[in-house]
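Visitor: What follows is data-v3.cif; its format and atoms are mmCIF, C-alpha atoms.
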data_query
#
loop_
_atom_site.label_atom_id
_atom_site.label_comp_id
_atom_site.auth_asym_id
_atom_site.auth_seq_id
_atom_site.Cartn_x
_atom_site.Cartn_y
_atom_site.Cartn_z
CA MET A 20 3.51 -138.55 33.67
CA ASN A 21 4.81 -137.03 36.94
CA SER A 22 6.57 -138.71 39.86
CA SER A 23 3.34 -139.47 41.72
CA LYS A 24 2.05 -141.39 38.71
CA LEU A 25 5.29 -143.32 38.48
CA THR A 26 5.01 -144.49 42.07
CA GLU A 27 1.35 -145.28 41.59
CA ASN A 28 2.14 -147.45 38.56
CA ASN A 29 5.02 -149.27 40.29
CA PRO A 30 4.55 -149.69 44.07
CA ASN A 31 7.54 -152.00 44.31
CA LEU A 32 9.84 -149.14 43.31
CA GLU A 33 11.05 -146.26 45.38
CA THR A 34 11.21 -142.82 43.81
CA ASP A 35 14.78 -142.42 44.93
CA PRO A 36 17.06 -141.01 42.19
CA GLY A 37 18.93 -144.29 41.95
CA GLN A 38 15.81 -146.29 41.12
CA VAL A 39 14.19 -146.94 37.73
CA GLU A 40 10.73 -145.60 37.26
CA PRO A 41 9.46 -147.97 34.59
CA ILE A 42 6.39 -146.17 33.29
CA SER A 43 7.11 -142.47 33.55
CA GLU A 44 9.94 -141.89 31.11
CA PRO A 45 10.72 -143.14 27.59
CA VAL A 46 13.45 -145.74 27.29
CA SER A 47 16.10 -143.22 26.34
CA GLY A 48 15.33 -141.18 29.45
CA ILE A 49 15.74 -144.00 32.02
CA ASP A 50 19.03 -144.86 33.62
CA ALA A 51 18.65 -148.64 33.50
CA THR A 52 22.33 -149.28 32.95
CA ALA A 53 23.23 -151.82 35.58
CA VAL A 54 22.06 -154.07 38.33
CA LYS A 55 23.69 -154.15 41.75
CA ALA A 56 22.72 -157.09 43.89
CA LYS A 57 23.26 -157.10 47.63
CA SER A 58 24.22 -160.20 49.54
CA SER A 59 22.80 -161.01 52.97
CA LYS A 60 25.76 -159.17 54.52
CA GLY A 61 25.11 -156.06 52.41
CA SER A 62 28.08 -156.50 50.07
CA VAL A 63 27.57 -155.85 46.36
CA VAL A 64 27.53 -158.91 44.12
CA THR A 65 28.64 -158.20 40.56
CA ILE A 66 26.27 -159.50 37.90
CA HIS A 67 28.11 -161.06 35.00
CA SER A 68 25.64 -163.44 33.32
CA LEU A 69 22.15 -163.48 31.87
CA GLU A 70 20.92 -165.93 34.50
CA GLN A 71 22.20 -163.72 37.34
CA LEU A 72 20.44 -160.75 35.77
CA LEU A 73 17.13 -162.61 35.53
CA ARG A 74 17.35 -163.90 39.11
CA GLU A 75 18.20 -160.44 40.45
CA ILE A 76 15.20 -158.90 38.71
CA TYR A 77 12.61 -161.56 39.48
CA GLU A 78 13.82 -163.01 42.83
CA SER A 79 14.97 -159.94 44.75
CA ALA A 80 12.39 -158.42 47.03
CA LYS A 81 13.44 -154.93 46.06
CA PRO A 82 15.94 -154.89 43.18
CA ARG A 83 17.96 -151.77 42.53
CA LEU A 84 18.53 -151.28 38.86
CA LYS A 85 21.86 -149.62 38.17
CA LEU A 86 24.34 -151.53 36.03
CA GLU A 87 28.01 -150.72 35.96
CA ARG A 88 29.76 -150.45 32.63
CA THR A 89 31.73 -153.64 33.31
CA GLU A 90 28.51 -155.50 34.08
CA ILE A 91 26.89 -154.30 30.84
CA LEU A 92 29.86 -155.63 28.88
CA ALA A 93 29.91 -158.90 30.82
CA ILE A 94 26.19 -159.57 30.33
CA GLY A 95 26.33 -158.52 26.68
CA SER A 96 29.17 -160.97 26.01
CA ASP A 97 27.49 -163.87 27.84
CA GLN A 98 27.01 -166.66 25.29
CA SER A 99 25.04 -168.98 27.58
CA VAL A 100 21.51 -169.96 26.59
CA ILE A 101 18.58 -168.95 28.79
CA GLY A 102 16.87 -172.21 29.71
CA SER A 103 13.11 -172.59 29.61
CA GLU A 104 13.16 -173.43 33.34
CA LEU A 105 13.98 -169.79 34.07
CA LEU A 106 10.53 -168.79 32.82
CA SER A 107 9.20 -169.91 36.19
CA LEU A 108 11.00 -166.90 37.71
CA ALA A 109 8.41 -164.61 36.14
CA LYS A 110 5.31 -166.50 37.30
CA ASN A 111 4.78 -164.12 40.24
CA ASP A 112 5.31 -160.98 38.13
CA ARG A 113 1.56 -160.57 37.74
CA THR A 114 1.64 -156.82 37.01
CA LEU A 115 4.68 -157.20 34.71
CA ASP A 116 6.69 -154.60 36.68
CA ARG A 117 9.82 -156.75 36.69
CA THR A 118 9.45 -157.76 33.03
CA TRP A 119 9.19 -154.11 32.05
CA GLN A 120 12.38 -153.38 34.04
CA LEU A 121 14.13 -156.24 32.24
CA MET A 122 13.13 -154.79 28.88
CA LEU A 123 14.52 -151.39 29.88
CA ILE A 124 17.85 -152.93 30.84
CA ASN A 125 17.89 -154.87 27.56
CA THR A 126 17.75 -151.63 25.58
CA ASN A 127 21.19 -150.70 26.98
CA LEU A 128 22.94 -154.03 26.46
CA GLU A 129 25.44 -154.18 23.61
CA GLY A 130 25.74 -157.87 22.76
CA PRO A 131 23.25 -158.75 19.99
CA ALA A 132 23.09 -162.40 21.07
CA ALA A 133 22.30 -161.50 24.69
CA LYS A 134 19.73 -158.88 23.61
CA ALA A 135 18.06 -161.43 21.34
CA GLN A 136 17.89 -163.99 24.16
CA ILE A 137 16.31 -161.53 26.58
CA THR A 138 13.84 -160.42 23.90
CA GLU A 139 12.82 -164.03 23.29
CA PHE A 140 12.61 -164.63 27.05
CA VAL A 141 10.30 -161.62 27.42
CA ARG A 142 8.20 -162.80 24.47
CA ASN A 143 7.71 -166.16 26.19
CA VAL A 144 6.89 -164.44 29.49
CA LEU A 145 4.22 -162.35 27.75
CA ILE A 146 2.82 -165.36 25.91
CA GLY A 147 2.41 -167.09 29.27
CA HIS A 148 0.78 -164.08 30.95
CA PRO A 149 -3.07 -164.14 31.00
CA ALA A 150 -3.23 -160.60 29.59
CA PHE A 151 -1.77 -161.92 26.32
CA HIS A 152 -4.08 -164.92 25.91
CA VAL A 153 -6.79 -162.92 24.16
CA ARG A 154 -7.07 -163.22 20.40
CA PRO A 155 -5.91 -161.83 18.02
CA LEU A 156 -3.04 -160.80 20.34
CA SER A 157 -2.07 -164.42 21.02
CA ASP A 158 -2.11 -165.12 17.27
CA PHE A 159 0.20 -162.16 16.69
CA LEU A 160 2.71 -163.36 19.29
CA ASP A 161 2.57 -166.87 17.79
CA GLY A 162 3.61 -165.37 14.45
CA LYS A 163 0.38 -166.11 12.58
CA LEU A 164 -0.08 -164.21 9.35
CA GLY A 165 -2.87 -161.71 8.78
CA VAL A 166 -2.80 -160.12 12.26
CA THR A 167 -1.59 -156.51 12.41
CA GLU A 168 0.09 -154.76 15.31
CA ASP A 169 -2.89 -152.45 15.79
CA GLN A 170 -5.31 -155.39 15.91
CA ALA A 171 -3.12 -156.98 18.58
CA LEU A 172 -3.01 -153.70 20.53
CA ARG A 173 -6.78 -153.35 20.44
CA GLY A 174 -7.10 -156.86 21.78
CA LEU A 175 -4.66 -156.02 24.58
CA VAL A 176 -6.50 -152.89 25.75
CA SER A 177 -10.08 -154.04 25.24
CA GLN A 178 -10.09 -156.71 27.96
CA ASN A 179 -10.97 -156.32 31.63
CA TYR A 180 -7.77 -156.71 33.65
CA THR A 181 -9.65 -157.40 36.87
CA SER A 182 -10.99 -160.63 35.39
CA LEU A 183 -7.99 -162.10 33.59
CA PRO A 184 -7.93 -165.93 33.36
CA TRP A 185 -5.48 -166.62 36.18
CA PRO A 186 -4.77 -170.14 37.47
CA SER A 187 -7.10 -171.32 40.22
CA ASP A 188 -4.48 -170.73 42.92
CA MET A 189 -4.12 -167.03 42.01
CA PRO A 190 -6.78 -164.44 42.90
CA PRO A 191 -7.89 -161.77 40.39
CA LEU A 192 -5.97 -158.50 40.31
CA LYS A 193 -7.29 -155.64 42.37
CA LYS A 194 -8.21 -152.43 40.60
CA VAL A 195 -4.88 -150.69 41.28
CA GLN A 196 -2.95 -153.81 40.27
CA ALA A 197 -5.08 -154.19 37.13
CA THR A 198 -4.31 -150.60 36.12
CA LYS A 199 -0.58 -151.18 36.61
CA CYS A 200 -0.74 -154.49 34.77
CA LYS A 201 -2.49 -152.91 31.77
CA SER A 202 0.00 -150.04 31.61
CA ASN A 203 3.03 -152.35 31.86
CA ALA A 204 1.55 -154.85 29.39
CA LEU A 205 1.02 -152.10 26.83
CA GLN A 206 4.52 -150.72 27.24
CA CYS A 207 6.09 -154.18 27.18
CA PHE A 208 4.25 -155.00 23.97
CA LEU A 209 5.11 -151.69 22.30
CA LEU A 210 8.79 -152.09 23.19
CA LEU A 211 8.72 -155.73 22.07
CA ILE A 212 7.42 -154.91 18.57
CA TRP A 213 9.52 -151.76 18.15
CA PRO A 214 12.47 -153.50 16.38
CA THR A 215 10.14 -155.08 13.79
CA ALA A 216 7.62 -152.22 13.50
CA ASP A 217 7.86 -149.35 11.03
CA LYS A 218 9.89 -147.46 13.68
CA SER A 219 7.90 -144.29 13.15
CA LEU A 220 8.01 -142.08 16.23
CA THR A 221 4.78 -140.38 15.19
CA GLN A 222 3.10 -143.79 14.93
CA LEU A 223 4.45 -144.68 18.38
CA LEU A 224 3.14 -141.38 19.78
CA SER A 225 -0.26 -142.09 18.27
CA ARG A 226 -0.38 -145.53 19.88
CA LEU A 227 0.79 -144.20 23.25
CA ARG A 228 -1.76 -141.38 23.09
CA THR A 229 -4.55 -143.81 22.26
CA HIS A 230 -3.73 -146.67 24.58
CA VAL A 231 -1.48 -145.36 27.39
CA TRP A 232 -2.17 -141.66 27.84
CA ALA A 233 -5.89 -141.73 27.03
CA ARG A 234 -6.96 -140.76 30.56
CA SER A 235 -4.70 -137.71 30.47
CA GLY A 236 -6.24 -136.35 27.31
CA THR A 237 -7.03 -132.69 26.70
CA GLY A 238 -10.78 -133.35 26.60
CA LYS A 239 -12.67 -130.05 26.79
CA LYS A 240 -9.96 -128.16 28.67
CA SER A 241 -9.42 -124.53 27.79
CA GLU A 242 -6.19 -123.25 26.30
CA SER A 243 -5.30 -121.67 29.66
CA GLN A 244 -5.72 -125.01 31.44
CA LEU A 245 -3.64 -126.77 28.79
CA ALA A 246 -0.93 -124.10 29.04
CA LEU A 247 -0.84 -124.48 32.83
CA ALA A 248 -0.56 -128.27 32.52
CA LEU A 249 2.37 -127.87 30.11
CA MET A 250 4.13 -125.40 32.43
CA GLN A 251 3.77 -127.75 35.40
CA SER A 252 5.04 -130.77 33.46
CA ARG A 253 8.54 -131.93 34.38
CA ASP A 254 8.57 -135.09 32.27
CA ALA A 255 11.33 -135.73 29.76
CA ALA A 256 8.60 -137.27 27.60
CA THR A 257 7.10 -133.82 27.09
CA ALA A 258 10.36 -132.53 25.62
CA ILE A 259 10.73 -135.65 23.49
CA VAL A 260 7.19 -135.31 22.16
CA TYR A 261 7.83 -131.63 21.43
CA ASP A 262 11.06 -132.47 19.58
CA ILE A 263 9.35 -135.22 17.60
CA LEU A 264 6.47 -132.96 16.62
CA THR A 265 8.87 -130.14 15.75
CA THR A 266 10.83 -132.51 13.53
CA GLU A 267 7.64 -133.83 11.94
CA ASN A 268 6.37 -130.28 11.38
CA ALA A 269 9.68 -129.39 9.74
CA LYS A 270 9.36 -132.45 7.50
CA ILE A 271 5.78 -131.52 6.67
CA ALA A 272 6.89 -127.94 5.93
CA ASP A 273 9.59 -129.30 3.60
CA VAL A 274 7.03 -131.53 1.92
CA LEU A 275 4.63 -128.61 1.54
CA GLU A 276 7.39 -126.41 0.15
CA ALA A 277 8.35 -129.12 -2.30
CA ALA A 278 4.67 -129.53 -3.18
CA ARG A 279 4.39 -125.77 -3.79
CA ASP A 280 7.46 -125.88 -6.02
CA ASP A 281 6.00 -128.85 -7.87
CA GLU A 282 2.71 -127.01 -8.19
CA GLN A 283 4.41 -123.91 -9.60
CA ARG A 284 6.34 -126.03 -12.08
CA ALA A 285 3.16 -127.86 -12.98
CA VAL A 286 1.30 -124.56 -13.47
CA SER A 287 4.15 -123.28 -15.64
CA ARG A 288 4.09 -126.45 -17.71
CA ALA A 289 0.31 -126.21 -17.98
CA LYS A 290 0.52 -122.61 -19.23
CA LYS A 291 3.15 -123.56 -21.79
CA ALA A 292 1.04 -126.52 -22.86
CA GLU A 293 -2.03 -124.28 -23.09
CA LEU A 294 -0.14 -121.78 -25.25
CA LYS A 295 1.17 -124.59 -27.44
CA LEU A 296 -2.34 -126.00 -27.70
CA SER A 297 -3.68 -122.61 -28.77
CA GLU A 298 -0.99 -122.40 -31.46
CA LEU A 299 -1.81 -125.90 -32.63
CA GLU A 300 -5.52 -125.13 -32.68
CA ALA A 301 -4.85 -122.01 -34.79
CA ASN A 302 -2.64 -124.04 -37.11
CA VAL A 303 -5.30 -126.74 -37.37
CA GLU A 304 -7.92 -124.11 -38.18
CA GLU A 305 -5.66 -122.63 -40.86
CA GLN A 306 -4.96 -126.01 -42.35
CA GLN A 307 -8.66 -126.86 -42.27
CA THR A 308 -9.41 -123.65 -44.18
CA ARG A 309 -6.76 -124.61 -46.76
CA ILE A 310 -8.24 -128.11 -47.01
CA ASP A 311 -11.70 -126.66 -47.56
CA GLU A 312 -10.31 -124.40 -50.32
CA LEU A 313 -8.53 -127.29 -52.02
CA THR A 314 -11.63 -129.44 -51.69
CA GLU A 315 -13.68 -126.75 -53.41
CA GLN A 316 -11.06 -126.39 -56.14
CA LEU A 317 -11.08 -130.14 -56.69
CA ARG A 318 -14.87 -130.19 -56.89
CA SER A 319 -14.79 -127.32 -59.41
CA LEU A 320 -12.13 -129.07 -61.50
CA LYS A 321 -14.11 -132.29 -61.46
CA GLU A 322 -17.17 -130.39 -62.67
CA GLU A 323 -15.18 -128.59 -65.40
CA PHE A 324 -13.63 -131.86 -66.47
CA ALA A 325 -17.03 -133.51 -66.69
CA ASN A 326 -18.35 -130.62 -68.82
CA TYR A 327 -15.23 -130.66 -70.99
CA LYS A 328 -15.46 -134.41 -71.40
CA SER A 329 -19.09 -134.14 -72.46
CA LEU A 330 -18.34 -131.35 -74.95
CA ALA A 331 -15.30 -133.16 -76.29
CA THR A 332 -17.31 -136.31 -76.73
CA ASP A 333 -19.97 -134.40 -78.64
CA GLN A 334 -17.34 -132.74 -80.83
CA TYR A 335 -15.60 -136.05 -81.42
CA GLU A 336 -18.81 -137.72 -82.47
CA THR A 337 -19.62 -134.80 -84.78
CA ILE A 338 -16.18 -134.87 -86.42
CA ARG A 339 -16.24 -138.65 -86.63
CA GLY A 340 -19.65 -138.61 -88.35
CA ARG A 341 -18.56 -135.93 -90.77
CA VAL A 342 -15.27 -137.64 -91.65
CA LEU A 343 -16.97 -140.99 -92.11
CA GLY A 344 -19.55 -139.30 -94.38
CA ARG A 345 -16.80 -137.64 -96.40
CA LEU A 346 -14.80 -140.87 -96.72
CA ARG A 347 -17.84 -142.84 -97.86
CA SER A 348 -18.71 -140.14 -100.42
CA GLU A 349 -15.22 -139.94 -101.92
CA LEU A 350 -14.87 -143.72 -101.86
CA SER A 351 -18.05 -143.95 -103.89
CA LEU A 352 -16.63 -141.50 -106.47
CA LEU A 353 -13.40 -143.47 -106.76
CA ASP A 354 -15.32 -146.74 -107.09
CA THR A 355 -17.43 -145.28 -109.92
CA GLY A 356 -14.27 -143.93 -111.69
CA LEU A 357 -12.61 -147.33 -111.36
CA GLN A 358 -15.60 -149.01 -112.94
CA ALA A 359 -15.37 -146.49 -115.87
CA LEU A 360 -11.72 -147.48 -116.40
CA ARG A 361 -12.67 -151.15 -116.64
CA ARG A 362 -15.05 -150.58 -119.52
CA ASP A 363 -14.02 -151.32 -123.09
CA PRO A 364 -13.10 -148.86 -124.22
CA PRO A 365 -12.09 -147.39 -120.83
CA LYS A 366 -13.56 -144.01 -119.94
CA VAL A 367 -10.45 -142.35 -118.60
CA HIS A 368 -11.98 -138.90 -118.42
CA VAL A 369 -14.63 -140.19 -116.00
CA MET A 370 -11.96 -141.64 -113.75
CA ILE A 371 -9.98 -138.43 -113.88
CA ASP A 372 -13.06 -136.36 -113.01
CA HIS A 373 -14.08 -138.58 -110.11
CA ALA A 374 -10.50 -138.73 -108.82
CA ASP A 375 -10.20 -134.92 -108.94
CA ARG A 376 -13.47 -134.52 -107.09
CA ALA A 377 -12.46 -137.09 -104.41
CA ILE A 378 -9.09 -135.44 -103.92
CA GLU A 379 -10.67 -132.01 -103.53
CA GLY A 380 -13.15 -133.36 -101.02
CA LEU A 381 -10.44 -135.03 -98.93
CA LYS A 382 -8.30 -131.90 -99.03
CA GLY A 383 -11.23 -129.85 -97.76
CA GLU A 384 -11.85 -132.32 -94.90
CA ILE A 385 -8.14 -132.24 -93.93
CA ALA A 386 -8.28 -128.45 -93.88
CA LYS A 387 -11.30 -128.56 -91.52
CA LEU A 388 -9.51 -130.97 -89.19
CA GLU A 389 -6.45 -128.72 -89.08
CA GLU A 390 -8.49 -125.66 -88.05
#
Will you turn the file into structure tokens for me?
Guide:
Amino acid sequence: MNSSKLTENNPNLETDPGQVEPISEPVSGIDATAVKAKSSKGSVVTIHSLEQLLREIYESAKPRLKLERTEILAIGSDQSVIGSELLSLAKNDRTLDRTWQLMLINTNLEGPAAKAQITEFVRNVLIGHPAFHVRPLSDFLDGKLGVTEDQALRGLVSQNYTSLPWPSDMPPLKKVQATKCKSNALQCFLLLIWPTADKSLTQLLSRLRTHVWARSGTGKKSESQLALALMQSRDAATAIVYDILTTENAKIADVLEAARDDEQRAVSRAKKAELKLSELEANVEEQQTRIDELTEQLRSLKEEFANYKSLATDQYETIRGRVLGRLRSELSLLDTGLQALRRDPPKVHVMIDHADRAIEGLKGEIAKLEE
């Protein structure tokens, strides 16, 4: 983006220091701060309204763009409404040179109402220009949903500017004019969407590199050739790009440093978690061993209890049978002795004998149970 390219892109402009070079420098690097209009006698006419500004840009054969501070304030405070009839002023701006100049001036105005009116005026100028009739670009400018900025940009750059759909009374653009028109259209569109875009300078650089600076790409140039091109560059854009990339690199370095810190903290947490997991696994193994031991003890106790129950049942049945046998035997003796007492005369000695024998037998059984 050197001075020769600026003149090539804008033949209506002189490369004199007082003139705006609309394509070469970024907005912040262009002194588009006022417009001085000359009358037929050469005197300077102060511009103090939006309409005067538009007429100076679009009607003057060779406008000089250099606004005074008082003119900036006057235009910015102008509350008048730009009428739709003023759109006809831009009908002959086929390469969009003047519209681009208007957008540059608008970036330095201070009144939000005036800036909004000029932005809307430019939007309507672009909508009416054949370069912006292609879809999905036209859908984007009409505010239709589902169309992204990049889709609109691709539509803008993909068309042939030497065969735009001009009215029948206007001839097609020549090759040089088509190149200028494409460059200005791209820059007008990028500046138009800037307030509503993500306002990422790196995204803007990417779009400029893809759509505006594509022919000046590095290609297969050697490092020496690239270094020479950088040394010969005098554009403010080069410094701005360098500053942006330096800032982005610093941000990336900060992000990487933060990521490294996060990684170290994550590794530390992972090691602590691994150690804790090992401790838990050891504890689980110990508890499992204890559970196995208790399970074995329970199984052994169940087996012992079953054996004990079986033995106790056998012993109980044995004792029960013996006691029942003893009780039946002694009961029989007592029954016989009772029958002897009922005889006439009663046989008391028989009863006494049987009672003594029964008592002795019961005493012996009691002694066995107490053992």
Visitor: Have a look at atom CA of A:Pro190 and atom CA of A:Leu205 and let me know their distance in Å, one decimal.
Guide: 21.7 Å
Visitor: Using Å and a single decimal, report how far atom CA of A:Trp185 sits from atom CA of A:Val166.
Guide: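 Atom-to-atom, atom CA of A:Val166 and atom CA of A:Trp185 are spaced 24.9 Å apart.
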Visitor: Please, what distance in Å, to one decimal, runs between atom CA of A:Gly130 and atom CA of A:His67?
Guide: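 According to the coordinates, atom CA of A:Gly130 and atom CA of A:His67 are separated by 12.9 Å.
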Visitor: Write out as a list of chain:residue names which residues come within 12 Å of A:Ile385 when counting only C-alpha atoms, dropping same-chain ones fewer than 6 positions away.
Guide: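 In the requested form, the answer reads A:Ile338, A:Arg341, A:Val342, A:Arg345, A:Leu346, A:Ile378, A:Glu379.
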Visitor: Could you pull the residues within 9 Å of A:Val141, counting all atoms listed in the file, minus those fewer than 6 positions along the same chain, as an MDAnalysis selection string?
Guide: chainID A and resid 106 118:119 121:122 207 211
Visitor: Limited to C-alpha atoms, could you put the picked residues into a file as a PDB file, keeping the file's coordinate frame?
Guide:
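What landed in selection.pdb:
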ATOM      1  CA  LEU A 106      10.530-168.790  32.820  1.00  0.00           C
ATOM      2  CA  THR A 118       9.450-157.760  33.030  1.00  0.00           C
ATOM      3  CA  TRP A 119       9.190-154.110  32.050  1.00  0.00           C
ATOM      4  CA  LEU A 121      14.130-156.240  32.240  1.00  0.00           C
ATOM      5  CA  MET A 122      13.130-154.790  28.880  1.00  0.00           C
ATOM      6  CA  CYS A 207       6.090-154.180  27.180  1.00  0.00           C
ATOM      7  CA  LEU A 211       8.720-155.730  22.070  1.00  0.00           C
TER       8      LEU A 211
END
Visitor: List as a list in words the residues having at least one atom at most 12 Å from position (29.9, -165.9, 25.3) as given in the file, counting all atoms listed in the file.
Guide: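 Here the neighbourhood of the point contains His67, Ser68, Leu69, Leu92, Ala93, Ile94, Gly95, Ser96, Asp97, Gln98, Ser99, Val100, Gly130, Pro131, Ala132 and Ala133 of chain A.
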Visitor: Taking only C-alpha atoms into account, which of A:Arg74, A:Lys201, A:Lys134, A:Lys81 comes nearest A:Leu105?
Guide: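 Closest to A:Leu105 of all the choices is A:Arg74.
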Visitor: Go through A:Glu349, A:Leu360, A:Glu305, A:Glu90 and flag the residue nearest A:Gly383, using only C-alpha atoms for the distances.
Guide: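 Counting only C-alpha atoms, the residue closest to A:Gly383 is A:Glu349.
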Visitor: Evaluated on this file, the PyMOL selection byres ((chain A and resi 182) around 10) picks out some residues - which ones are they, written as a PyMOL selection string?
Guide: chain A and resi 149-150+178-181+183-185+190-193+197
Visitor: I'd like the contact shell of A:Tyr77 - 7 Å cut-off, all atoms listed in the file, skipping same-chain residues fewer than 4 positions apart - returned as a PyMOL selection string.
Guide: chain A and resi 73+108-109+117
Visitor: Counting all atoms listed in the file, figure out which residue out of A:Leu299, A:Ala80, A:Leu86, A:Ala331 gets nearest to A:Thr65.
Guide: A:Leu86
Visitor: Of the candidates A:Pro186, A:Phe159, A:Ala374, A:Leu388, which shows the shortest atom-to-atom distance to A:Gln334, using all atoms listed in the file?
Guide: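 Counting all atoms listed in the file, the residue closest to A:Gln334 is A:Leu388.
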Visitor: Pick the closest to A:Pro214 from A:Thr138, A:Ser103, A:Thr332, A:Ser348: which is it, counting only C-alpha atoms?
Guide: A:Thr138
Visitor: Looking at A:Leu72, A:Ile101, A:Val153, A:Val176, which one is nearest to A:Ile124, with distances taken over all atoms listed in the file?
Guide: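 Looking at the shortest contact to A:Ile124, the residue is A:Leu72.
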Visitor: Taking the file as shown, find all residues satisfying the PyMOL selection byres ((chain A and resi 373) around 12) and write them as a list in words.
Guide: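 Applying the PyMOL selection byres ((chain A and resi 373) around 12) to the structure shown produces Ser348, Glu349, Leu350, Ser351, Leu352, Leu353, Asp354, Thr355, Gly356, Leu357, Gln358, Ala359, Leu360, Lys366, Val367, His368, Val369, Met370, Ile371, Asp372, Ala374, Asp375, Arg376, Ala377, Ile378, Glu379 and Gly380 of chain A.
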Visitor: Export C-alpha atoms of the chosen residues as a PDB file, in the frame of the given file?
Guide:
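And here is the file that came out, out.pdb:
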ATOM      1  CA  SER A 348     -18.710-140.140-100.420  1.00  0.00           C
ATOM      2  CA  GLU A 349     -15.220-139.940-101.920  1.00  0.00           C
ATOM      3  CA  LEU A 350     -14.870-143.720-101.860  1.00  0.00           C
ATOM      4  CA  SER A 351     -18.050-143.950-103.890  1.00  0.00           C
ATOM      5  CA  LEU A 352     -16.630-141.500-106.470  1.00  0.00           C
ATOM      6  CA  LEU A 353     -13.400-143.470-106.760  1.00  0.00           C
ATOM      7  CA  ASP A 354     -15.320-146.740-107.090  1.00  0.00           C
ATOM      8  CA  THR A 355     -17.430-145.280-109.920  1.00  0.00           C
ATOM      9  CA  GLY A 356     -14.270-143.930-111.690  1.00  0.00           C
ATOM     10  CA  LEU A 357     -12.610-147.330-111.360  1.00  0.00           C
ATOM     11  CA  GLN A 358     -15.600-149.010-112.940  1.00  0.00           C
ATOM     12  CA  ALA A 359     -15.370-146.490-115.870  1.00  0.00           C
ATOM     13  CA  LEU A 360     -11.720-147.480-116.400  1.00  0.00           C
ATOM     14  CA  LYS A 366     -13.560-144.010-119.940  1.00  0.00           C
ATOM     15  CA  VAL A 367     -10.450-142.350-118.600  1.00  0.00           C
ATOM     16  CA  HIS A 368     -11.980-138.900-118.420  1.00  0.00           C
ATOM     17  CA  VAL A 369     -14.630-140.190-116.000  1.00  0.00           C
ATOM     18  CA  MET A 370     -11.960-141.640-113.750  1.00  0.00           C
ATOM     19  CA  ILE A 371      -9.980-138.430-113.880  1.00  0.00           C
ATOM     20  CA  ASP A 372     -13.060-136.360-113.010  1.00  0.00           C
ATOM     21  CA  ALA A 374     -10.500-138.730-108.820  1.00  0.00           C
ATOM     22  CA  ASP A 375     -10.200-134.920-108.940  1.00  0.00           C
ATOM     23  CA  ARG A 376     -13.470-134.520-107.090  1.00  0.00           C
ATOM     24  CA  ALA A 377     -12.460-137.090-104.410  1.00  0.00           C
ATOM     25  CA  ILE A 378      -9.090-135.440-103.920  1.00  0.00           C
ATOM     26  CA  GLU A 379     -10.670-132.010-103.530  1.00  0.00           C
ATOM     27  CA  GLY A 380     -13.150-133.360-101.020  1.00  0.00           C
TER      28      GLY A 380
END
Visitor: Name the residues, using the chain letters and numbers of the file, that sit within 12 Å of (-1.8, -150.0, 23.4) when counting only C-alpha atoms, and give them as a VMD selection string.
Guide: chain A and resid 156 168 to 178 201 to 210 212 222 to 233
